[in-house]
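Structure file input_18.txt (compact mmCIF, C-alpha atoms) is printed below.
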```txt
# COMPACT_ATOMS: atom_id res chain seq x y z
CA MET A 1 154.60 85.48 178.73
CA SER A 2 154.52 88.06 175.97
CA GLU A 3 157.96 87.08 174.70
CA THR A 4 157.13 83.37 174.60
CA VAL A 5 155.93 81.88 171.34
CA ALA A 6 153.69 78.84 171.40
CA ALA A 7 156.36 76.53 169.96
CA ASP A 8 158.61 77.21 172.95
CA LEU A 9 156.03 76.07 175.49
CA VAL A 10 156.56 72.73 177.18
CA LEU A 11 153.97 70.58 178.86
CA LEU A 12 153.90 70.86 182.65
CA ASP A 13 156.57 68.39 183.70
CA GLN A 14 155.65 68.62 187.35
CA PRO A 15 152.55 69.73 189.23
CA PHE A 16 152.12 73.48 189.61
CA THR A 17 150.72 74.86 192.83
CA ALA A 18 149.47 78.34 193.61
CA PRO A 19 147.33 79.62 196.51
CA GLY A 20 144.14 77.54 196.41
CA VAL A 21 144.89 75.63 193.22
CA ARG A 22 146.95 72.72 191.96
CA ILE A 23 147.47 71.94 188.27
CA ALA A 24 148.90 68.59 187.16
CA ILE A 25 149.02 66.24 184.23
CA ALA A 26 146.60 63.36 184.75
CA PRO A 27 147.98 59.82 184.69
CA ALA A 28 147.91 58.03 181.34
CA MET A 29 144.46 56.66 180.56
CA MET A 30 142.56 54.82 177.86
CA ARG A 31 140.31 56.96 175.70
CA TYR A 32 137.71 55.66 173.31
CA ALA A 33 135.62 57.66 170.87
CA LEU A 34 132.25 55.90 170.72
CA ARG A 35 129.64 56.54 168.05
CA ALA A 36 126.36 54.76 167.40
CA ARG A 37 122.90 55.51 166.02
CA ASP A 38 121.40 53.09 168.50
CA PRO A 39 122.87 53.36 172.02
CA ALA A 40 121.47 49.96 172.98
CA VAL A 41 123.60 48.23 170.32
CA LEU A 42 126.74 50.06 171.42
CA SER A 43 125.99 49.35 175.06
CA ALA A 44 125.67 45.64 174.29
CA VAL A 45 128.89 45.60 172.24
CA ILE A 46 131.09 47.16 174.92
CA GLY A 47 129.19 45.65 177.82
CA ARG A 48 128.80 48.92 179.68
CA VAL A 49 126.02 51.27 180.61
CA LEU A 50 125.89 54.43 178.50
CA PRO A 51 124.58 57.72 179.86
CA SER A 52 121.62 58.89 177.79
CA ARG A 53 121.50 62.57 178.70
CA ILE A 54 124.09 64.80 177.05
CA GLY A 55 126.63 65.86 179.67
CA ASP A 56 126.13 62.92 182.02
CA VAL A 57 128.97 60.57 182.94
CA VAL A 58 128.57 56.90 183.93
CA ASP A 59 131.66 54.94 184.97
CA GLY A 60 134.02 57.17 183.01
CA ILE A 61 131.88 57.29 179.85
CA ALA A 62 130.66 60.79 179.06
CA CYS A 63 127.80 61.53 176.68
CA LEU A 64 129.01 64.37 174.44
CA GLY A 65 126.26 64.39 171.84
CA PRO A 66 123.11 62.55 170.76
CA ASP A 67 125.15 59.76 169.16
CA GLU A 68 128.59 60.37 170.63
CA TRP A 69 130.33 59.29 173.81
CA LEU A 70 133.88 59.65 175.11
CA ALA A 71 135.22 56.95 177.39
CA LEU A 72 137.94 58.05 179.83
CA LEU A 73 139.04 54.83 181.47
CA PRO A 74 141.97 53.69 183.64
CA ALA A 75 145.08 52.67 181.71
CA GLY A 76 144.88 49.09 180.47
CA THR A 77 141.10 48.97 180.12
CA VAL A 78 140.16 47.50 176.76
CA LEU A 79 136.78 47.84 175.09
CA GLU A 80 135.55 45.29 172.58
CA ASN A 81 135.55 46.71 169.05
CA GLU A 82 135.65 43.75 166.65
CA THR A 83 131.95 43.29 166.36
CA GLY A 84 130.56 43.68 162.86
CA GLN A 85 127.85 45.88 164.34
CA LEU A 86 127.05 49.38 163.09
CA VAL A 87 128.91 51.08 165.90
CA SER A 88 132.27 52.82 166.10
CA VAL A 89 134.65 52.11 168.96
CA VAL A 90 137.97 53.82 168.30
CA ASP A 91 140.99 53.89 170.58
CA VAL A 92 142.08 57.54 170.75
CA SER A 93 144.17 57.23 173.91
CA CYS A 94 147.12 59.18 172.51
CA ARG A 95 145.01 61.94 171.00
CA ALA A 96 144.55 63.90 174.19
CA VAL A 97 146.24 64.81 177.43
CA GLY A 98 144.41 65.13 180.72
CA ILE A 99 145.06 68.11 182.95
CA THR A 100 143.64 68.15 186.47
CA VAL A 101 142.78 71.39 188.22
CA GLU A 102 142.05 71.03 191.92
CA GLY A 103 141.55 73.19 194.96
CA PRO A 104 139.21 75.89 196.24
CA GLY A 105 140.38 78.18 193.43
CA ALA A 106 139.67 75.64 190.67
CA VAL A 107 136.32 77.09 189.61
CA ALA A 108 137.74 80.59 189.29
CA LEU A 109 140.76 79.31 187.37
CA VAL A 110 138.72 77.33 184.85
CA ALA A 111 136.43 80.33 184.46
CA THR A 112 139.36 82.52 183.39
CA GLY A 113 139.16 80.97 179.93
CA CYS A 114 135.96 78.92 179.75
CA PRO A 115 132.78 80.79 178.76
CA LEU A 116 130.47 78.31 180.51
CA ASP A 117 128.91 79.19 183.85
CA VAL A 118 131.43 76.90 185.55
CA GLU A 119 130.14 77.56 189.05
CA ARG A 120 126.69 76.24 188.12
CA MET A 121 128.03 73.16 186.34
CA ALA A 122 126.80 70.16 188.34
CA VAL A 123 129.34 67.83 189.89
CA GLY A 124 129.75 64.70 187.78
CA ARG A 125 128.86 66.37 184.49
CA ALA A 126 131.15 66.58 181.50
CA THR A 127 130.90 68.52 178.27
CA ARG A 128 132.87 69.55 175.25
CA THR A 129 133.50 73.28 175.32
CA VAL A 130 136.33 75.73 174.74
CA PHE A 131 139.06 77.31 176.83
CA GLU A 132 139.85 80.60 175.08
CA THR A 133 140.05 79.24 171.53
CA VAL A 134 141.12 75.70 172.38
CA GLU A 135 138.56 72.92 172.34
CA ILE A 136 138.45 70.90 175.56
CA VAL A 137 136.33 68.33 177.32
CA LEU A 138 135.60 69.66 180.79
CA TRP A 139 134.63 67.13 183.46
CA ARG A 140 133.69 68.32 186.93
CA LYS A 141 134.76 65.44 189.14
CA ALA A 142 134.08 67.18 192.45
CA VAL A 143 133.04 70.60 193.70
CA ASP A 144 136.64 71.76 193.53
CA ALA A 145 138.20 69.32 191.05
CA PHE A 146 138.12 69.34 187.27
CA HIS A 147 139.57 67.03 184.64
CA ILE A 148 140.32 68.81 181.36
CA ASP A 149 140.91 66.64 178.32
CA VAL A 150 142.70 68.56 175.58
CA TRP A 151 144.17 67.51 172.27
CA ARG A 152 147.87 66.84 172.62
CA SER A 153 149.19 69.65 170.44
CA PHE A 154 147.20 72.24 172.41
CA ALA A 155 148.23 70.91 175.82
CA PRO A 156 151.46 72.93 176.34
CA TRP A 157 149.59 76.14 175.57
CA LEU A 158 146.66 75.20 177.81
CA GLY A 159 149.00 74.27 180.66
CA ALA A 160 150.78 77.62 180.31
CA ALA A 161 147.46 79.49 180.16
CA LEU A 162 146.26 77.81 183.36
CA VAL A 163 149.53 78.58 185.12
CA ALA A 164 149.34 82.18 183.93
CA GLY A 165 145.75 82.44 185.14
CA SER A 166 146.51 81.11 188.62
CA PRO A 167 146.47 83.44 191.59
CA SER A 168 149.94 84.57 192.59
CA MET B 1 127.89 87.19 176.06
CA LEU B 2 125.08 85.95 173.87
CA LEU B 3 123.61 82.66 175.05
CA ILE B 4 122.12 80.23 172.53
CA HIS B 5 119.78 77.42 173.56
CA CYS B 6 120.97 74.13 172.06
CA PRO B 7 117.91 71.90 171.46
CA TYR B 8 120.05 68.76 171.77
CA CYS B 9 121.97 69.69 174.93
CA GLU B 10 118.82 71.37 176.29
CA GLU B 11 120.97 74.10 177.82
CA ASP B 12 121.78 77.73 177.18
CA ARG B 13 125.34 77.73 175.96
CA PRO B 14 127.82 80.51 175.14
CA GLU B 15 127.83 81.86 171.61
CA VAL B 16 131.51 81.01 171.00
CA GLU B 17 130.68 77.29 171.02
CA PHE B 18 128.53 77.73 167.88
CA VAL B 19 129.00 78.51 164.21
CA ASN B 20 126.43 79.86 161.81
CA GLY B 21 125.47 77.57 158.92
CA GLY B 22 123.55 79.95 156.68
CA GLN B 23 119.89 80.05 155.77
CA ALA B 24 117.78 77.10 156.93
CA HIS B 25 115.14 75.00 155.17
CA ILE B 26 116.73 74.93 151.73
CA ALA B 27 115.92 71.53 150.25
CA ARG B 28 118.30 70.05 147.70
CA PRO B 29 116.39 69.25 144.50
CA ALA B 30 115.66 65.52 144.27
CA ASP B 31 116.84 65.36 140.66
CA PRO B 32 119.48 68.05 140.02
CA SER B 33 120.09 67.10 136.38
CA SER B 34 116.51 67.98 135.47
CA GLU B 35 116.77 71.46 136.99
CA SER B 36 116.98 74.47 134.71
CA ASP B 37 120.09 76.62 135.08
CA ALA B 38 118.00 79.36 136.66
CA ASP B 39 116.48 77.00 139.24
CA TRP B 40 119.86 75.47 140.01
CA GLU B 41 121.38 78.91 140.48
CA LYS B 42 118.50 79.76 142.77
CA TYR B 43 119.16 76.65 144.86
CA LEU B 44 122.92 77.21 145.02
CA TYR B 45 123.29 80.93 145.48
CA ILE B 46 120.12 82.87 146.05
CA ARG B 47 119.48 83.51 149.74
CA ARG B 48 117.14 85.71 151.69
CA ASN B 49 118.68 88.56 153.62
CA PRO B 50 115.76 89.79 155.67
CA ARG B 51 115.72 92.68 158.04
CA GLY B 52 114.19 90.99 161.08
CA ARG B 53 113.03 87.42 161.55
CA HIS B 54 115.38 84.94 159.85
CA HIS B 55 115.52 81.13 159.85
CA GLU B 56 119.12 79.96 160.14
CA ARG B 57 121.13 76.78 160.60
CA TRP B 58 123.54 76.78 163.49
CA ARG B 59 126.00 74.14 164.60
CA HIS B 60 127.02 73.47 168.19
CA ILE B 61 130.49 72.64 166.95
CA HIS B 62 132.33 72.93 170.29
CA GLY B 63 129.59 71.06 172.15
CA CYS B 64 127.39 68.23 170.91
CA GLY B 65 128.44 68.82 167.30
CA ARG B 66 124.88 68.94 165.99
CA PHE B 67 123.27 71.18 163.39
CA PHE B 68 119.95 72.69 164.41
CA ASN B 69 117.71 75.51 163.24
CA ALA B 70 117.14 78.85 164.87
CA VAL B 71 114.91 81.85 164.38
CA ARG B 72 116.98 84.97 164.92
CA ASP B 73 116.11 88.61 164.57
CA THR B 74 118.80 90.14 162.37
CA VAL B 75 118.21 93.61 163.82
CA SER B 76 118.31 92.89 167.53
CA ASP B 77 120.40 89.67 167.26
CA ARG B 78 117.86 88.09 169.62
CA PHE B 79 117.22 84.36 169.24
CA GLU B 80 113.48 83.82 169.20
CA THR B 81 113.64 80.04 169.31
CA THR B 82 115.77 77.05 168.36
CA TYR B 83 114.62 73.60 167.28
CA LYS B 84 116.11 70.33 166.11
CA ALA B 85 117.05 69.71 162.49
CA GLY B 86 114.24 68.01 160.60
CA GLU B 87 111.46 69.68 162.55
CA PRO B 88 109.11 72.00 160.62
CA ALA B 89 109.95 75.69 160.46
CA LYS B 90 108.70 77.75 163.40
```
Whole structure, structure tokens version:
Amino acid sequence: MSETVAADLVLLDQPFTAPGVRIAIAPAMMRYALRARDPAVLSAVIGRVLPSRIGDVVDGIACLGPDEWLALLPAGTVLENETGQLVSVVDVSCRAVGITVEGPGAVALVATGCPLDVERMAVGRATRTVFETVEIVLWRKAVDAFHIDVWRSFAPWLGAALVAGSPS
Amino acid sequence: MLLIHCPYCEEDRPEVEFVNGGQAHIARPADPSSESDADWEKYLYIRRNPRGRHHERWRHIHGCGRFFNAVRDTVSDRFETTYKAGEPAK
């Protein structure tokens, strides 16, 4: 990869498999950036339960910070945002790309670039963190399955880095 | 790797998720136009640079995004404690 410059990288156009790991682009989904001082108001506006503890996920809505949530919902899901309330519900569906990493080697692969103690991350938790120098949202969906949400312009590099880090 | 306890996430998180925000507990004067030049300079530029215990602002920029305060030893680089923004100095 040393002769490849970042601009030449292309996003994984088909799933990549290596011993114990499978990397693929996640299907298109709806993403909402949710902000509110008072979670109860936001919860009432969108009609969904919000996780209160940072890192928890409830029905696809992850709590990233004390007043910040990221909703990762199936394509076509629409959240109410014309409310006049002091909350922010912003459609950011096209901002990021989802990359799924699955298989018995998933933990080791994510750990090649993520400084968190990935093995100890509880199933069902999600957090903003970094992979090398790229900011990601890491969601552990199962013991051996991760969803990585990464901003679109970083996605080709991240895909290449995950492929490069896979066992051969 | 250095681990920093984020008081909002309530977890020990890797150092690379954080950025330093300079000395903590510097209050902006309520009425800047009544400040003397010397006092204003002191507020803007004059900072402590202690050898040892230092109160600092840190931001969990690649995590919850929040600023918080920390007490760090500038010699050993050990974090003594961290606490939420707005809480009294420890």
Do you know which residues are at most 10 Å from Pro115 of chain A counting all atoms listed in the file, after dropping those on the same chain fewer than 5 positions away, and could you put them as a short mmCIF file (atom, residue, chain, number, x, y, z; two decimals) with C-alpha atoms, in the frame of the given file?
```
data_model
loop_
_atom_site.label_atom_id
_atom_site.label_comp_id
_atom_site.auth_asym_id
_atom_site.auth_seq_id
_atom_site.Cartn_x
_atom_site.Cartn_y
_atom_site.Cartn_z
CA VAL A 110 138.72 77.33 184.85
CA THR A 129 133.50 73.28 175.32
CA VAL A 130 136.33 75.73 174.74
CA PHE A 131 139.06 77.31 176.83
CA GLU A 132 139.85 80.60 175.08
CA MET B 1 127.89 87.19 176.06
CA ARG B 13 125.34 77.73 175.96
CA PRO B 14 127.82 80.51 175.14
CA GLU B 15 127.83 81.86 171.61
CA VAL B 16 131.51 81.01 171.00
CA GLU B 17 130.68 77.29 171.02
#
```
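What chain B places within 6 Å of chain A, counting all atoms listed in the file, is B:Cys9, B:His62, B:Gly63, B:Cys64.
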Distance criterion (only C-alpha atoms): nearest to Lys84 of chain B out of B:His5, B:Arg47, B:Arg28, B:Lys42: B:His5
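Here atom CA of Ala33 of chain A is placed at a distance of 9.1 Å from atom CA of Ser93 of chain A.
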Just the number, please: distance in Å from atom CA of Val49 of chain A to atom CA of Pro74 of chain A, one decimal. 16.4 Å
So which residues touch Gly84 of chain A within 12 Å, counting all atoms listed in the file, skipping near sequence neighbours fewer than 4 positions away, as a PyMOL selection string? chain A and resi 41-42+45+80+88-89
Save the residues we just selected, C-alpha atoms, as a PDB file, in the coordinates of the input?
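What follows is the written file part_6.pdb:
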```pdb
ATOM      1  CA  VAL A  41     123.600  48.230 170.320  1.00  0.00           C
ATOM      2  CA  LEU A  42     126.740  50.060 171.420  1.00  0.00           C
ATOM      3  CA  VAL A  45     128.890  45.600 172.240  1.00  0.00           C
ATOM      4  CA  GLU A  80     135.550  45.290 172.580  1.00  0.00           C
ATOM      5  CA  SER A  88     132.270  52.820 166.100  1.00  0.00           C
ATOM      6  CA  VAL A  89     134.650  52.110 168.960  1.00  0.00           C
TER       7      VAL A  89
END
```
Which residues are near Ala71 of chain A? Cut-off 7 Å, only C-alpha atoms, ignore same chain within fewer than 4 positions. Put them as JSON, numbers by chain. {"A": [31, 32, 33, 60, 61, 62]}
Please report the interatomic distance between atom CA of Arg59 of chain B and atom CA of Ile26 of chain B in Å with one decimal. 15.9 Å
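Distance check against Arg48 of chain B using all atoms listed in the file: of B:Arg78, B:Arg66, B:Lys90, B:His25, the minimum falls on B:His25.
Considering the residues A:Ala28, A:Pro19, A:Pro167, A:Val78 and counting all atoms listed in the file, Gly47 of chain A has its shortest atom-to-atom contact with A:Val78.
You can rank A:Pro51, A:Thr17, A:Leu86, A:Leu79 by their closest distance to Asp38 of chain A using all atoms listed in the file, and at the top of that list sits A:Leu86.
If you measure from each of A:Val143, A:Gly105, A:Ser168, A:Ile148 to Val21 of chain A using only C-alpha atoms, the closest one turns out to be A:Gly105.
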Counting all atoms listed in the file, which residues come within 6 Å of (116.9, 93.8, 162.6), with the point read in the file's coordinates, and could you list them as a PyMOL selection string? chain B and resi 51-52+73-76
So that I have them on file, write out the residues from the current selection with C-alpha atoms, as a tab-separated table (two decimals), keeping the file's coordinate frame.
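And here's out.tsv as it stands now:
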```tsv
chain	number	residue	atom	x	y	z
B	51	ARG	CA	115.72	92.68	158.04
B	52	GLY	CA	114.19	90.99	161.08
B	73	ASP	CA	116.11	88.61	164.57
B	74	THR	CA	118.80	90.14	162.37
B	75	VAL	CA	118.21	93.61	163.82
B	76	SER	CA	118.31	92.89	167.53
```
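The nearest approach to Arg152 of chain A among the residues A:Val57, A:Ala36, A:Ile99, A:Ala108, with only C-alpha atoms taken into account, belongs to A:Ile99.
Distance cut-off 10 Å, centre (140.3, 64.8, 180.1), atoms counted only C-alpha atoms; the residues meeting this are Ile25, Ala26, Met29, Arg31, Leu70, Ala71, Leu72, Ala96, Val97, Gly98, Ile99, Thr100, Ala126, Ile136, Val137, Leu138, Trp139, Phe146, His147, Ile148, Asp149, Val150 and Trp151 of chain A.
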Write out as a PyMOL selection string the residues lying within 12 Å of Ser166 of chain A, counting all atoms listed in the file and excluding same-chain residues fewer than 6 positions away. chain A and resi 16-23+101-113+159-160
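The neighbours of Ala27 of chain B here are the residues that come within 12 Å of it, using all atoms listed in the file and leaving out any residue fewer than 5 positions away in the same chain; they are B:Pro32, B:Trp40, B:Lys42, B:Tyr43, B:Leu44, B:Gly86.
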Could I see segment 148-165 of chain A restored to N, CA and C atoms, set down as a PDB file, in the frame of the given file?
```pdb
ATOM      1  N   ILE A 148     140.425  68.180 182.673  1.00  0.00           N
ATOM      2  CA  ILE A 148     140.320  68.810 181.360  1.00  0.00           C
ATOM      3  C   ILE A 148     141.040  67.918 180.361  1.00  0.00           C
ATOM      4  N   ASP A 149     140.305  67.436 179.367  1.00  0.00           N
ATOM      5  CA  ASP A 149     140.910  66.640 178.320  1.00  0.00           C
ATOM      6  C   ASP A 149     141.136  67.555 177.124  1.00  0.00           C
ATOM      7  N   VAL A 150     142.379  67.633 176.677  1.00  0.00           N
ATOM      8  CA  VAL A 150     142.700  68.560 175.580  1.00  0.00           C
ATOM      9  C   VAL A 150     143.564  67.829 174.567  1.00  0.00           C
ATOM     10  N   TRP A 151     143.356  68.148 173.299  1.00  0.00           N
ATOM     11  CA  TRP A 151     144.170  67.510 172.270  1.00  0.00           C
ATOM     12  C   TRP A 151     145.631  67.836 172.488  1.00  0.00           C
ATOM     13  N   ARG A 152     146.460  66.833 172.247  1.00  0.00           N
ATOM     14  CA  ARG A 152     147.870  66.840 172.620  1.00  0.00           C
ATOM     15  C   ARG A 152     148.631  68.097 172.183  1.00  0.00           C
ATOM     16  N   SER A 153     148.395  68.516 170.944  1.00  0.00           N
ATOM     17  CA  SER A 153     149.190  69.650 170.440  1.00  0.00           C
ATOM     18  C   SER A 153     148.804  70.954 171.118  1.00  0.00           C
ATOM     19  N   PHE A 154     147.606  71.013 171.718  1.00  0.00           N
ATOM     20  CA  PHE A 154     147.200  72.240 172.410  1.00  0.00           C
ATOM     21  C   PHE A 154     147.608  72.230 173.882  1.00  0.00           C
ATOM     22  N   ALA A 155     148.041  71.071 174.376  1.00  0.00           N
ATOM     23  CA  ALA A 155     148.230  70.910 175.820  1.00  0.00           C
ATOM     24  C   ALA A 155     149.295  71.837 176.412  1.00  0.00           C
ATOM     25  N   PRO A 156     150.477  72.013 175.742  1.00  0.00           N
ATOM     26  CA  PRO A 156     151.460  72.930 176.340  1.00  0.00           C
ATOM     27  C   PRO A 156     150.908  74.349 176.488  1.00  0.00           C
ATOM     28  N   TRP A 157     150.163  74.788 175.474  1.00  0.00           N
ATOM     29  CA  TRP A 157     149.590  76.140 175.570  1.00  0.00           C
ATOM     30  C   TRP A 157     148.568  76.205 176.698  1.00  0.00           C
ATOM     31  N   LEU A 158     147.698  75.178 176.779  1.00  0.00           N
ATOM     32  CA  LEU A 158     146.660  75.200 177.810  1.00  0.00           C
ATOM     33  C   LEU A 158     147.280  75.170 179.197  1.00  0.00           C
ATOM     34  N   GLY A 159     148.321  74.322 179.359  1.00  0.00           N
ATOM     35  CA  GLY A 159     149.000  74.270 180.660  1.00  0.00           C
ATOM     36  C   GLY A 159     149.570  75.631 181.027  1.00  0.00           C
ATOM     37  N   ALA A 160     150.194  76.295 180.047  1.00  0.00           N
ATOM     38  CA  ALA A 160     150.780  77.620 180.310  1.00  0.00           C
ATOM     39  C   ALA A 160     149.682  78.639 180.629  1.00  0.00           C
ATOM     40  N   ALA A 161     148.551  78.536 179.924  1.00  0.00           N
ATOM     41  CA  ALA A 161     147.460  79.490 180.160  1.00  0.00           C
ATOM     42  C   ALA A 161     146.885  79.303 181.561  1.00  0.00           C
ATOM     43  N   LEU A 162     146.782  78.053 182.017  1.00  0.00           N
ATOM     44  CA  LEU A 162     146.260  77.810 183.360  1.00  0.00           C
ATOM     45  C   LEU A 162     147.238  78.301 184.423  1.00  0.00           C
ATOM     46  N   VAL A 163     148.522  78.079 184.176  1.00  0.00           N
ATOM     47  CA  VAL A 163     149.530  78.580 185.120  1.00  0.00           C
ATOM     48  C   VAL A 163     149.478  80.108 185.166  1.00  0.00           C
ATOM     49  N   ALA A 164     149.377  80.714 183.987  1.00  0.00           N
ATOM     50  CA  ALA A 164     149.340  82.180 183.930  1.00  0.00           C
ATOM     51  C   ALA A 164     148.092  82.741 184.608  1.00  0.00           C
ATOM     52  N   GLY A 165     146.999  81.956 184.565  1.00  0.00           N
ATOM     53  CA  GLY A 165     145.750  82.440 185.140  1.00  0.00           C
ATOM     54  C   GLY A 165     145.624  82.184 186.633  1.00  0.00           C
TER      55      GLY A 165
END
```
